file query.txt (compact mmCIF, C-alpha atoms)
# COMPACT_ATOMS: atom_id res chain seq x y z
CA MET A 1 -1.39 23.07 -9.93
CA GLU A 2 1.24 20.81 -11.49
CA ILE A 3 3.58 19.21 -8.99
CA ASP A 4 7.14 18.04 -9.26
CA ALA A 5 6.91 14.31 -8.61
CA ASN A 6 10.63 14.17 -7.92
CA THR A 7 10.24 16.67 -5.07
CA ILE A 8 7.67 14.47 -3.32
CA SER A 9 9.74 11.33 -3.75
CA GLU A 10 12.96 13.03 -2.63
CA LEU A 11 11.29 14.12 0.61
CA CYS A 12 10.37 10.51 1.39
CA LEU A 13 13.83 9.24 0.48
CA LYS A 14 15.47 11.85 2.67
CA LYS A 15 13.25 10.99 5.62
CA PHE A 16 14.20 7.33 5.25
CA ASP A 17 17.90 8.21 5.06
CA ASP A 18 17.62 10.36 8.19
CA LEU A 19 16.28 7.49 10.29
CA PRO A 20 18.59 5.15 12.25
CA LYS A 21 19.99 2.18 10.34
CA ASN A 22 18.22 -0.44 12.47
CA GLY A 23 15.81 -2.31 10.18
CA LYS A 24 17.29 -0.94 6.96
CA PRO A 25 18.84 -3.15 4.25
CA GLU A 26 22.50 -4.04 4.44
CA VAL A 27 24.25 -1.93 1.81
CA GLY A 28 25.32 -3.94 -1.21
CA LYS A 29 23.63 -7.11 0.03
CA GLN A 30 19.93 -6.42 0.51
CA TRP A 31 17.10 -4.46 -1.07
CA THR A 32 13.69 -3.26 0.07
CA ALA A 33 10.73 -1.18 -1.10
CA LEU A 34 9.74 2.18 0.38
CA ALA A 35 6.41 4.00 0.54
CA GLY A 36 5.38 7.25 2.16
CA PHE A 37 2.66 9.85 2.72
CA VAL A 38 3.31 13.52 2.19
CA LYS A 39 1.08 16.28 3.55
CA GLN A 40 0.62 19.39 1.45
CA CYS A 41 -0.52 22.59 3.11
CA GLY A 42 -0.53 25.40 0.58
CA ASP A 43 2.93 25.34 -0.99
CA ASP A 44 4.51 23.46 1.93
CA TYR A 45 5.21 19.72 1.78
CA GLU A 46 5.99 17.48 4.75
CA VAL A 47 6.45 13.72 5.12
CA VAL A 48 4.03 12.39 7.76
CA ALA A 49 4.46 8.62 7.43
CA ILE A 50 6.73 6.10 5.74
CA GLY A 51 7.10 2.34 5.63
CA SER A 52 9.47 -0.18 4.10
CA GLY A 53 9.21 -3.91 3.54
CA THR A 54 8.79 -6.78 1.09
CA THR A 55 7.47 -9.78 3.06
CA CYS A 56 4.06 -11.31 3.70
CA LEU A 57 3.00 -14.22 5.89
CA GLY A 58 1.25 -17.33 4.65
CA GLU A 59 -2.26 -18.15 5.82
CA SER A 60 -1.12 -20.69 8.43
CA GLN A 61 1.14 -18.07 10.06
CA MET A 62 -1.67 -15.61 10.77
CA LYS A 63 -2.59 -15.05 14.42
CA LYS A 64 -5.96 -14.37 16.05
CA ASP A 65 -4.65 -12.03 18.76
CA GLY A 66 -3.98 -9.07 16.45
CA LEU A 67 -0.39 -8.75 17.70
CA ILE A 68 1.37 -9.75 14.50
CA LEU A 69 1.79 -7.97 11.15
CA HIS A 70 0.52 -10.24 8.39
CA ASP A 71 1.37 -8.03 5.41
CA ASN A 72 4.75 -6.27 5.51
CA HIS A 73 4.84 -4.77 2.04
CA ALA A 74 5.97 -1.16 2.08
CA GLU A 75 2.65 0.25 0.86
CA VAL A 76 0.75 -1.47 3.67
CA ILE A 77 3.29 -0.61 6.39
CA ALA A 78 3.25 3.05 5.29
CA ARG A 79 -0.54 3.19 5.36
CA ARG A 80 -0.70 1.70 8.84
CA SER A 81 1.85 4.31 9.93
CA PHE A 82 -0.35 6.97 8.30
CA ILE A 83 -3.37 5.73 10.27
CA ARG A 84 -1.35 5.97 13.48
CA TYR A 85 -0.50 9.57 12.55
CA LEU A 86 -4.18 10.37 11.92
CA TYR A 87 -5.22 9.10 15.36
CA HIS A 88 -2.72 11.40 17.05
CA GLU A 89 -3.89 14.35 14.94
CA ILE A 90 -7.51 13.64 15.90
CA LEU A 91 -6.58 13.68 19.58
CA SER A 92 -4.70 16.97 19.10
CA THR A 93 -7.81 18.47 17.51
CA TRP A 94 -9.81 18.10 20.71
CA GLN A 95 -7.12 18.75 23.29
CA SER A 96 -6.97 22.29 24.66
CA THR A 97 -3.17 22.24 24.91
CA LYS A 98 -2.56 21.18 21.31
CA THR A 99 -3.62 22.07 17.78
CA SER A 100 -3.92 19.70 14.85
CA THR A 101 -2.15 20.71 11.66
CA ILE A 102 -4.68 18.88 9.47
CA PHE A 103 -8.09 18.70 11.21
CA ASN A 104 -10.81 21.06 12.38
CA LYS A 105 -13.66 20.17 14.73
CA SER A 106 -16.93 19.49 12.95
CA ASN A 107 -20.48 19.93 14.20
CA ASP A 108 -21.15 16.19 14.24
CA GLY A 109 -18.48 15.62 16.89
CA LYS A 110 -16.01 14.29 14.35
CA CYS A 111 -12.99 15.84 12.65
CA CYS A 112 -12.91 17.29 9.18
CA LEU A 113 -9.85 17.85 7.04
CA LYS A 114 -8.79 21.49 6.72
CA SER A 115 -9.58 22.93 3.29
CA ASN A 116 -5.95 23.70 2.45
CA VAL A 117 -4.63 20.25 3.39
CA SER A 118 -4.15 17.37 0.96
CA PHE A 119 -2.14 14.16 0.92
CA HIS A 120 0.04 12.42 -1.64
CA PHE A 121 1.24 8.82 -1.71
CA TYR A 122 4.68 7.73 -2.92
CA THR A 123 6.02 4.25 -3.57
CA SER A 124 9.54 3.47 -4.74
CA ASN A 125 8.43 0.78 -7.18
CA THR A 126 5.28 -0.43 -8.89
CA PRO A 127 2.90 -2.03 -6.36
CA CYS A 128 2.60 -5.80 -6.77
CA GLY A 129 -0.30 -7.21 -8.76
CA ASP A 130 -2.16 -5.74 -11.72
CA ALA A 131 -0.12 -2.51 -11.89
CA THR A 132 3.04 -4.47 -12.75
CA ILE A 133 1.55 -5.95 -15.93
CA PHE A 134 2.35 -3.83 -18.98
CA PRO A 135 3.86 -4.34 -22.45
CA ILE A 136 7.57 -4.00 -22.98
CA SER A 137 9.34 -3.84 -26.33
CA GLN A 138 12.98 -4.38 -27.18
CA SER A 139 15.18 -4.11 -30.22
CA VAL A 140 17.05 -7.38 -30.11
CA ASN A 141 20.03 -8.53 -32.18
CA GLU A 142 19.08 -11.69 -34.09
CA THR A 143 21.94 -13.60 -32.51
CA GLU A 144 20.39 -12.90 -29.10
CA CYS A 145 16.89 -14.15 -29.91
CA LYS A 146 17.49 -17.59 -28.51
CA GLY A 147 16.38 -17.69 -24.91
CA ILE A 148 15.20 -14.05 -24.90
CA LYS A 149 11.84 -14.90 -23.29
CA ARG A 150 13.58 -16.32 -20.25
CA LYS A 151 15.68 -13.19 -19.94
CA CYS A 152 12.60 -10.99 -20.20
CA GLU A 153 11.04 -12.84 -17.27
CA GLN A 154 14.09 -12.20 -15.11
CA VAL A 155 14.83 -8.60 -16.03
CA GLN A 156 12.37 -5.73 -15.78
CA LEU A 157 12.84 -3.23 -18.60
CA LYS A 158 11.56 0.31 -18.81
CA PRO A 159 8.34 0.49 -20.84
CA GLU A 160 8.41 1.73 -24.42
CA LYS A 161 12.19 1.86 -24.46
CA LYS A 162 14.20 -0.14 -26.97
CA VAL A 163 17.00 -2.08 -25.36
CA CYS A 164 19.75 -4.10 -26.98
CA MET A 165 20.98 -7.01 -24.94
CA ARG A 166 24.64 -6.50 -25.91
CA GLU A 167 25.54 -4.67 -29.11
CA THR A 168 23.50 -2.20 -31.14
CA SER A 169 23.36 -2.45 -34.92
CA GLU A 170 25.42 0.74 -35.15
CA GLU A 171 28.19 -0.83 -33.09
CA ILE A 172 28.41 -3.90 -35.33
CA GLY A 173 27.93 -1.95 -38.54
CA GLN A 174 24.67 -3.48 -39.76
CA ASP A 175 20.95 -3.37 -39.08
CA ASN A 176 20.13 -6.89 -37.98
CA THR A 177 17.74 -6.05 -35.11
CA HIS A 178 14.00 -6.49 -34.76
CA THR A 179 11.43 -5.51 -32.17
CA GLN A 180 10.06 -8.22 -29.93
CA SER A 181 7.03 -7.60 -27.76
CA ASP A 182 6.66 -9.06 -24.30
CA ILE A 183 4.94 -8.21 -21.07
CA ASN A 184 6.31 -7.29 -17.69
CA ARG A 185 5.71 -10.21 -15.34
CA THR A 186 4.25 -10.48 -11.84
CA GLY A 187 4.37 -13.33 -9.36
CA ALA A 188 0.98 -12.32 -7.94
CA LYS A 189 -1.58 -15.09 -8.49
CA CYS A 190 -5.12 -14.53 -9.78
CA VAL A 191 -7.72 -15.36 -7.14
CA ASP A 192 -10.33 -18.02 -7.78
CA GLY A 193 -13.21 -16.79 -9.89
CA GLU A 194 -11.18 -14.12 -11.74
CA ASN A 195 -9.86 -14.36 -15.28
CA SER A 196 -6.71 -16.48 -15.10
CA ASP A 197 -3.31 -16.05 -16.72
CA SER A 198 -2.87 -18.14 -19.87
CA HIS A 199 0.94 -18.13 -19.57
CA GLY A 200 1.06 -17.84 -23.35
CA GLU A 201 3.78 -16.37 -25.53
CA GLY A 202 4.95 -12.79 -25.09
CA ILE A 203 2.17 -10.31 -24.32
CA ASN A 204 -0.28 -13.18 -23.86
CA TYR A 205 1.43 -14.41 -20.69
CA HIS A 206 -0.83 -12.47 -18.28
CA CYS A 207 -4.41 -11.26 -18.24
CA VAL A 208 -5.05 -7.77 -16.90
CA GLY A 209 -7.58 -6.39 -14.44
CA SER A 210 -7.87 -9.51 -12.26
CA LEU A 211 -7.73 -9.48 -8.48
CA ARG A 212 -4.56 -11.19 -7.24
CA THR A 213 -2.92 -12.34 -4.04
CA LYS A 214 0.58 -11.21 -3.16
CA PRO A 215 3.57 -12.95 -4.73
CA GLY A 216 6.10 -14.83 -2.66
CA ARG A 217 7.97 -18.03 -2.10
CA GLY A 218 6.78 -20.83 0.14
CA GLU A 219 3.21 -21.01 1.39
CA ARG A 220 0.78 -19.01 -0.71
CA THR A 221 -0.60 -15.97 1.06
CA THR A 222 -4.25 -14.93 1.16
CA SER A 223 -3.36 -11.22 1.38
CA MET A 224 -4.58 -9.22 -1.58
CA SER A 225 -1.95 -7.58 -3.79
CA CYS A 226 -0.95 -3.97 -3.18
CA SER A 227 -2.55 -2.96 -6.49
CA ASP A 228 -5.86 -4.35 -5.24
CA LYS A 229 -5.53 -2.75 -1.82
CA ILE A 230 -4.86 0.66 -3.40
CA LEU A 231 -7.96 0.13 -5.55
CA LYS A 232 -9.94 -0.55 -2.36
CA TRP A 233 -8.50 2.54 -0.64
CA ASN A 234 -9.49 4.69 -3.62
CA LEU A 235 -13.00 3.31 -3.25
CA MET A 236 -13.34 3.35 0.54
CA GLY A 237 -10.85 5.95 1.71
CA TRP A 238 -7.30 5.51 2.98
CA GLN A 239 -8.32 6.05 6.62
CA GLY A 240 -9.67 2.53 7.04
CA HIS A 241 -12.62 1.10 8.91
CA LEU A 242 -12.45 2.41 12.48
CA LEU A 243 -11.28 5.92 11.65
CA THR A 244 -14.48 6.40 9.66
CA LEU A 245 -16.15 6.75 13.04
CA LEU A 246 -13.98 9.75 13.88
CA VAL A 247 -13.70 11.70 10.61
CA SER A 248 -16.52 13.37 8.69
CA GLU A 249 -15.37 12.35 5.22
CA PRO A 250 -13.12 9.61 3.83
CA ILE A 251 -9.50 10.66 3.38
CA HIS A 252 -8.21 10.31 -0.17
CA MET A 253 -4.95 10.92 -1.98
CA LYS A 254 -4.58 13.76 -4.44
CA TYR A 255 -1.51 12.31 -6.19
CA ILE A 256 0.09 8.89 -6.36
CA ILE A 257 3.76 8.93 -7.33
CA VAL A 258 5.54 5.76 -8.43
CA GLY A 259 9.25 5.16 -8.89
CA GLY A 260 11.22 2.38 -10.55
CA VAL A 261 9.98 0.58 -13.66
CA ALA A 262 6.39 1.76 -14.07
CA ASP A 263 3.77 2.35 -16.74
CA THR A 264 1.12 5.03 -16.18
CA VAL A 265 -1.50 3.22 -18.26
CA ALA A 266 -1.16 0.11 -16.11
CA LEU A 267 -1.11 2.16 -12.90
CA LYS A 268 -4.35 3.93 -13.78
CA ARG A 269 -5.98 0.66 -14.79
CA ALA A 270 -4.97 -1.04 -11.54
CA PHE A 271 -5.78 1.80 -9.15
CA TYR A 272 -9.22 2.72 -10.52
CA GLY A 273 -9.65 2.18 -14.28
CA ARG A 274 -10.72 -1.47 -14.14
CA ILE A 275 -13.72 -0.53 -11.99
CA TYR A 276 -15.02 1.74 -14.77
CA LYS A 277 -15.23 -1.25 -17.10
CA HIS A 278 -17.29 -3.34 -14.71
CA LYS A 279 -20.83 -3.99 -15.87
CA ASN A 280 -22.28 -2.74 -12.57
CA PHE A 281 -20.28 0.47 -12.34
CA ILE A 282 -22.77 2.86 -13.97
CA ARG A 283 -25.54 1.71 -11.65
CA LEU A 284 -23.37 2.01 -8.54
CA GLU A 285 -21.36 5.12 -9.42
CA PRO A 286 -23.49 7.58 -7.36
CA LYS A 287 -23.11 5.37 -4.26
CA ILE A 288 -19.46 4.37 -4.31
CA ASN A 289 -17.75 7.71 -5.12
CA LEU A 290 -14.61 6.21 -6.69
CA GLN A 291 -11.62 8.56 -6.35
CA CYS A 292 -9.11 8.88 -9.19
CA PRO A 293 -5.89 10.46 -7.91
CA LEU A 294 -3.49 11.83 -10.48
CA ILE A 295 -0.70 9.38 -11.29
CA TYR A 296 2.92 10.47 -11.73
CA LYS A 297 6.15 8.63 -12.38
CA THR A 298 9.36 9.82 -10.75
CA ASP A 299 12.93 9.48 -11.95
CA THR A 300 14.29 9.66 -8.41
CA GLU A 301 16.02 6.40 -7.56
CA PHE A 302 15.76 4.70 -4.18
CA ARG A 303 19.27 3.60 -3.34
CA PHE A 304 18.04 0.51 -1.50
CA GLY A 305 15.72 -0.54 -4.32
CA LYS A 306 15.88 -3.73 -6.37
CA HIS A 307 17.80 -2.63 -9.45
CA VAL A 308 18.20 -4.61 -12.64
CA ASP A 309 21.98 -4.32 -12.53
CA LYS A 310 22.18 -5.68 -8.97
CA LYS A 311 20.88 -9.22 -9.31
CA ASN A 312 22.59 -10.69 -6.26
CA LEU A 313 20.74 -8.58 -3.71
CA LYS A 314 18.45 -10.40 -1.28
CA PRO A 315 15.23 -8.92 0.12
CA CYS A 316 15.55 -7.32 3.55
CA GLY A 317 13.42 -9.27 6.01
CA SER A 318 12.63 -6.39 8.34
CA SER A 319 10.06 -3.62 7.89
CA LEU A 320 10.46 -0.08 9.15
CA SER A 321 7.56 2.18 10.11
CA TRP A 322 7.65 5.85 11.08
CA CYS A 323 5.10 8.61 11.47
CA LYS A 324 5.21 12.23 12.55
CA ILE A 325 4.14 12.03 16.18
CA GLU A 326 5.85 13.22 19.34
CA THR A 327 6.32 9.95 21.20
CA ARG A 328 8.02 6.82 19.84
CA PRO A 329 7.41 7.54 16.15
CA LEU A 330 9.72 4.76 14.88
CA ASP A 331 9.30 0.99 15.00
CA VAL A 332 10.76 -2.01 13.19
CA ALA A 333 9.16 -5.38 12.53
CA ALA A 334 10.97 -8.63 11.83
CA LYS A 335 10.02 -11.02 9.02
CA SER A 336 7.98 -12.94 11.59
CA GLY A 337 5.62 -9.97 11.97
CA PHE A 338 6.71 -9.32 15.55
CA ARG A 339 8.86 -6.41 16.68
CA LEU A 340 12.48 -6.78 15.59
CA GLY A 341 14.63 -8.20 18.39
CA THR A 342 11.83 -10.22 19.99
CA VAL A 343 13.13 -13.55 21.26
CA LYS A 344 11.14 -16.69 20.54
CA LYS A 345 9.79 -17.14 24.07
CA HIS A 346 8.39 -13.58 24.08
CA GLU A 347 6.54 -13.89 20.76
CA GLY A 348 2.84 -13.39 21.36
CA LEU A 349 3.32 -11.14 24.39
CA PRO A 350 2.08 -7.53 24.09
CA LYS A 351 5.64 -6.20 24.10
CA SER A 352 6.40 -8.23 20.98
CA SER A 353 3.80 -6.33 18.97
CA THR A 354 4.68 -3.29 16.86
CA PHE A 355 2.88 0.04 17.26
CA ILE A 356 1.06 -0.50 13.96
CA SER A 357 -0.26 -4.00 14.65
CA ARG A 358 -4.03 -4.35 14.52
CA ALA A 359 -4.15 -4.87 18.30
CA ASN A 360 -2.19 -1.69 19.03
CA LEU A 361 -4.04 0.45 16.48
CA PHE A 362 -7.29 -0.84 17.98
CA GLN A 363 -6.10 0.15 21.44
CA LEU A 364 -5.11 3.55 20.08
CA PHE A 365 -8.62 3.93 18.66
CA LYS A 366 -10.12 3.22 22.09
CA ASP A 367 -7.68 5.57 23.84
CA VAL A 368 -8.46 8.39 21.41
CA THR A 369 -12.21 7.81 21.59
CA HIS A 370 -12.25 7.96 25.37
CA GLY A 371 -10.08 11.08 25.27
CA LEU A 372 -12.56 13.08 23.19
CA PRO A 373 -14.96 15.41 25.02
CA GLN A 374 -17.68 14.54 22.54
CA CYS A 375 -17.95 12.25 19.56
CA SER A 376 -20.47 10.16 17.68
CA LEU A 377 -19.52 7.15 19.82
CA THR A 378 -20.32 8.71 23.21
CA GLU A 379 -23.48 6.64 23.62
CA HIS A 380 -21.51 3.43 23.00
CA LEU A 381 -18.55 4.08 25.31
CA GLY A 382 -19.95 2.11 28.21
CA SER A 383 -20.59 -1.02 26.16
CA MET A 384 -17.41 -0.79 24.09
CA ALA A 385 -14.96 -1.58 26.87
CA ASP A 386 -15.23 -5.37 26.70
CA LYS A 387 -16.16 -5.71 23.02
CA CYS A 388 -13.95 -7.17 20.30
CA TYR A 389 -12.42 -5.52 17.25
CA LYS A 390 -15.20 -6.84 14.98
CA PHE A 391 -17.90 -5.21 17.15
CA HIS A 392 -16.27 -1.82 16.74
CA LYS A 393 -15.91 -2.22 12.99
CA LEU A 394 -19.64 -2.88 12.74
CA LEU A 395 -20.32 0.48 14.41
CA ALA A 396 -19.08 2.12 11.20
CA LYS A 397 -22.37 1.33 9.50
CA ASP A 398 -21.91 3.51 6.41
CA TYR A 399 -18.46 2.07 5.71
CA GLU A 400 -19.66 -1.48 6.38
CA GLU A 401 -22.64 -1.13 4.08
CA LYS A 402 -20.61 0.41 1.28
CA TRP A 403 -17.92 -2.27 1.49
CA LYS A 404 -20.58 -5.00 1.35
CA THR A 405 -21.98 -3.40 -1.81
CA VAL A 406 -18.54 -3.09 -3.40
CA LYS A 407 -17.69 -6.72 -2.66
CA MET A 408 -21.05 -8.01 -3.81
CA ASP A 409 -21.31 -6.06 -7.06
CA LEU A 410 -17.79 -5.01 -8.09
CA LEU A 411 -15.12 -7.08 -6.33
CA GLN A 412 -16.99 -10.35 -5.96
CA ASN A 413 -13.87 -12.49 -5.63
CA TRP A 414 -12.10 -10.37 -3.03
CA ILE A 415 -10.54 -12.59 -0.36
CA SER A 416 -11.59 -11.59 3.13
CA HIS A 417 -9.72 -13.09 6.05
CA SER A 418 -11.45 -15.29 8.59
CA GLU A 419 -13.71 -13.48 11.06
CA ASP A 420 -11.85 -15.30 13.80
CA LEU A 421 -8.97 -12.89 13.17
CA ASP A 422 -11.24 -9.99 14.18
CA LYS A 423 -12.36 -11.30 17.57
CA PHE A 424 -9.48 -10.00 19.69
CA GLN A 425 -10.12 -7.32 22.32

call {"tool": "encode", "arguments": {"input": "query.txt", "output": "C-alpha cells"}}
result
Amino acid sequence: MEIDANTISELCLKKFDDLPKNGKPEVGKQWTALAGFVKQCGDDYEVVAIGSGTTCLGESQMKKDGLILHDNHAEVIARRSFIRYLYHEILSTWQSTKTSTIFNKSNDGKCCLKSNVSFHFYTSNTPCGDATIFPISQSVNETECKGIKRKCEQVQLKPEKKVCMRETSEEIGQDNTHTQSDINRTGAKCVDGENSDSHGEGINYHCVGSLRTKPGRGERTTSMSCSDKILKWNLMGWQGHLLTLLVSEPIHMKYIIVGGVADTVALKRAFYGRIYKHKNFIRLEPKINLQCPLIYKTDTEFRFGKHVDKKNLKPCGSSLSWCKIETRPLDVAAKSGFRLGTVKKHEGLPKSSTFISRANLFQLFKDVTHGLPQCSLTEHLGSMADKCYKFHKLLAKDYEEKWKTVKMDLLQNWISHSEDLDKFQ
C-alpha cells in the first residue's frame, strides 16, 4: 500500500508543536532537527516517539557512569525515546490490568509484534554522514562563476534542480548560462581505514560509502554518523541490544521518510545499499538479514529547521525527547548531556540524568525484567542484580554474535566506544 509521506511527517511535526516550549528553539534565532517514530495499525497512524537535537559530545567529555547523553542528534534521541516506549509496552503485555497496543505474548516468554502493527521513521533533514553526499547541478550566469564553489559549500541546493544565483537568462534577455556540477557537502569525517575524501574539484570533493564520525566544531567526536547508525539499525534491528532479550524478533522500520534537501539515491546507498557492494555480502547475506525499508521524501517543512534563506540561525543546544507512555513522557537535555536546568554542582547525580540516558534505560530494563511473570532471563535474575551493563549485553548472545560478524566482515572500521563506558551498574 502506497503511503502519503507528508501525512507521516505532518503527524510528527504536530506532535512537536503540541509539546511545551521548554527545550525548543527560539523562534527566529535558533534551529534544530526533528525525528520521530510513527506506529501504523491497519489504516491508523500514531506518533509514539520523537526527538530533537543537533549536538554531540567530544571523546573527552564522555562519562563512565551512563548518566550523560553523548549523542544528541535528533535521530538518536528519537530512537532512545522509542526504546523507552517499547519497554513500557512490553510491561503492559504481561500485566493483567493493561494491554499492549503493539505486542502479544509469545511461547518463548518474550513479546512478539502484532501482525497488523508496523513502524515508520521520520527525520526532518538528511541524516549526517554518507546520506548527505549527492550531486547537485546549477544553471549559473557566467558573471557569477567566480567564487561559485565557495557558495556551493555554504548553501545546500535541492538535487537535480537548476538554480540561478541572481538573474535567469530570460530576465536579462540572453542565454549566457551553463550547468556546473558539484556535490552536496558534509562535515562528517571518514574514519581511519575507510576511503578518504580527496577534497577535489566539484563532484570529486567527497568519496561515497565510507563510515564517518559526526560533524561538529571543537573536539572531534568518536560517535558514528547518523547515516551509519541507521545502517546498523537496518542490520541489527532498531530495538537495540538489551531489548533483544525481551522480543522474539528484531524490530524494523517499514518506511523511512526524509524532509529537507535530500536525494533518494544517496539515502538508499547510505541506509543499506553500500552493504550490497561489499565483497563479503553474498557469503553473509543468509546470516545478517539486512532490512531495506522503503525510502520517501516529504515536502512538509519543519518550521524550526535550518533553511537556506535563514543563514543567521544558530543551532539550539537543547534536545527534547518524548514518547507515548502514561508517566513523565517528556524530558529535555542540555548541550552538556545532562537534564536541562541541572546546576553545575548537581551534574553527575542521578537526578541530573535524563530518562533516556543509558543508565536510566538500563534501570528500566531491569525493572521490566523483574516485573515479568516469566521470561527468558528468569534463570539469571538472581545473578543480575549486582552486574554491570556490559554483563547484561553479553546475555543477548545472538545479537552479540551477529554484531561481531558484521563488524569483522562488513563494517571493519566501525568505531566502538571504550568498554569502560559499559561498566556502570

call {"tool": "closest_residue", "arguments": {"input": "query.txt", "among": "A:His88, A:Lys29, A:His70, A:Arg212", "to": "A:Gly371", "atoms": "all atoms listed in the file"}}
result
A:His88

call {"tool": "atom_distance", "arguments": {"input": "query.txt", "atom1": "atom CA of A:Asp65", "atom2": "atom CA of A:Pro350"}}
result
9.7 Å

call {"tool": "closest_residue", "arguments": {"input": "query.txt", "among": "A:Thr132, A:Asn204, A:Ser124, A:Thr327", "to": "A:Thr264", "atoms": "all atoms listed in the file"}}
result
A:Thr132

call {"tool": "closest_residue", "arguments": {"input": "query.txt", "among": "A:Gly36, A:Gly240, A:Gly209, A:Gly28", "to": "A:Tyr255", "atoms": "all atoms listed in the file"}}
result
A:Gly36

call {"tool": "closest_residue", "arguments": {"input": "query.txt", "among": "A:Gly273, A:Pro329, A:Pro315, A:Gly109", "to": "A:Asp228", "atoms": "only C-alpha atoms"}}
result
A:Gly273

call {"tool": "residues_around", "arguments": {"input": "query.txt", "residues": "A:Ile295", "least_positions_apart": "6", "cutoff": "12 Å", "atoms": "only C-alpha atoms", "output": "list in words"}}
result
Glu2, Ile3, Asp4, Ala5, His120, Phe121, Tyr122, Thr123, Thr126, Ala131, Met253, Lys254, Tyr255, Ile256, Ile257, Val258, Gly259, Ala262, Asp263, Thr264, Val265, Ala266, Leu267, Lys268, Arg269, Ala270, Phe271, Tyr272 and Gly273 of chain A

call {"tool": "write_last_selection", "arguments": {"input": "query.txt", "atoms": "C-alpha atoms", "output": "PDB file, in the frame of the given file"}}
result
ATOM      1  CA  GLU A   2       1.240  20.810 -11.490  1.00  0.00           C
ATOM      2  CA  ILE A   3       3.580  19.210  -8.990  1.00  0.00           C
ATOM      3  CA  ASP A   4       7.140  18.040  -9.260  1.00  0.00           C
ATOM      4  CA  ALA A   5       6.910  14.310  -8.610  1.00  0.00           C
ATOM      5  CA  HIS A 120       0.040  12.420  -1.640  1.00  0.00           C
ATOM      6  CA  PHE A 121       1.240   8.820  -1.710  1.00  0.00           C
ATOM      7  CA  TYR A 122       4.680   7.730  -2.920  1.00  0.00           C
ATOM      8  CA  THR A 123       6.020   4.250  -3.570  1.00  0.00           C
ATOM      9  CA  THR A 126       5.280  -0.430  -8.890  1.00  0.00           C
ATOM     10  CA  ALA A 131      -0.120  -2.510 -11.890  1.00  0.00           C
ATOM     11  CA  MET A 253      -4.950  10.920  -1.980  1.00  0.00           C
ATOM     12  CA  LYS A 254      -4.580  13.760  -4.440  1.00  0.00           C
ATOM     13  CA  TYR A 255      -1.510  12.310  -6.190  1.00  0.00           C
ATOM     14  CA  ILE A 256       0.090   8.890  -6.360  1.00  0.00           C
ATOM     15  CA  ILE A 257       3.760   8.930  -7.330  1.00  0.00           C
ATOM     16  CA  VAL A 258       5.540   5.760  -8.430  1.00  0.00           C
ATOM     17  CA  GLY A 259       9.250   5.160  -8.890  1.00  0.00           C
ATOM     18  CA  ALA A 262       6.390   1.760 -14.070  1.00  0.00           C
ATOM     19  CA  ASP A 263       3.770   2.350 -16.740  1.00  0.00           C
ATOM     20  CA  THR A 264       1.120   5.030 -16.180  1.00  0.00           C
ATOM     21  CA  VAL A 265      -1.500   3.220 -18.260  1.00  0.00           C
ATOM     22  CA  ALA A 266      -1.160   0.110 -16.110  1.00  0.00           C
ATOM     23  CA  LEU A 267      -1.110   2.160 -12.900  1.00  0.00           C
ATOM     24  CA  LYS A 268      -4.350   3.930 -13.780  1.00  0.00           C
ATOM     25  CA  ARG A 269      -5.980   0.660 -14.790  1.00  0.00           C
ATOM     26  CA  ALA A 270      -4.970  -1.040 -11.540  1.00  0.00           C
ATOM     27  CA  PHE A 271      -5.780   1.800  -9.150  1.00  0.00           C
ATOM     28  CA  TYR A 272      -9.220   2.720 -10.520  1.00  0.00           C
ATOM     29  CA  GLY A 273      -9.650   2.180 -14.280  1.00  0.00           C
TER      30      GLY A 273
END

call {"tool": "residues_around", "arguments": {"input": "query.txt", "residues": "A:Met224", "least_positions_apart": "3", "cutoff": "8 Å", "atoms": "all atoms listed in the file", "output": "PDB file with C-alpha atoms, in the frame of the given file"}}
result
ATOM      1  CA  LEU A 211      -7.730  -9.480  -8.480  1.00  0.00           C
ATOM      2  CA  ARG A 212      -4.560 -11.190  -7.240  1.00  0.00           C
ATOM      3  CA  THR A 213      -2.920 -12.340  -4.040  1.00  0.00           C
ATOM      4  CA  LYS A 214       0.580 -11.210  -3.160  1.00  0.00           C
ATOM      5  CA  ASP A 228      -5.860  -4.350  -5.240  1.00  0.00           C
ATOM      6  CA  LYS A 229      -5.530  -2.750  -1.820  1.00  0.00           C
ATOM      7  CA  TRP A 414     -12.100 -10.370  -3.030  1.00  0.00           C
ATOM      8  CA  ILE A 415     -10.540 -12.590  -0.360  1.00  0.00           C
TER       9      ILE A 415
END

call {"tool": "closest_residue", "arguments": {"input": "query.txt", "among": "A:Glu46, A:Glu59, A:Asp299, A:Glu75", "to": "A:Phe119", "atoms": "all atoms listed in the file"}}
result
A:Glu46
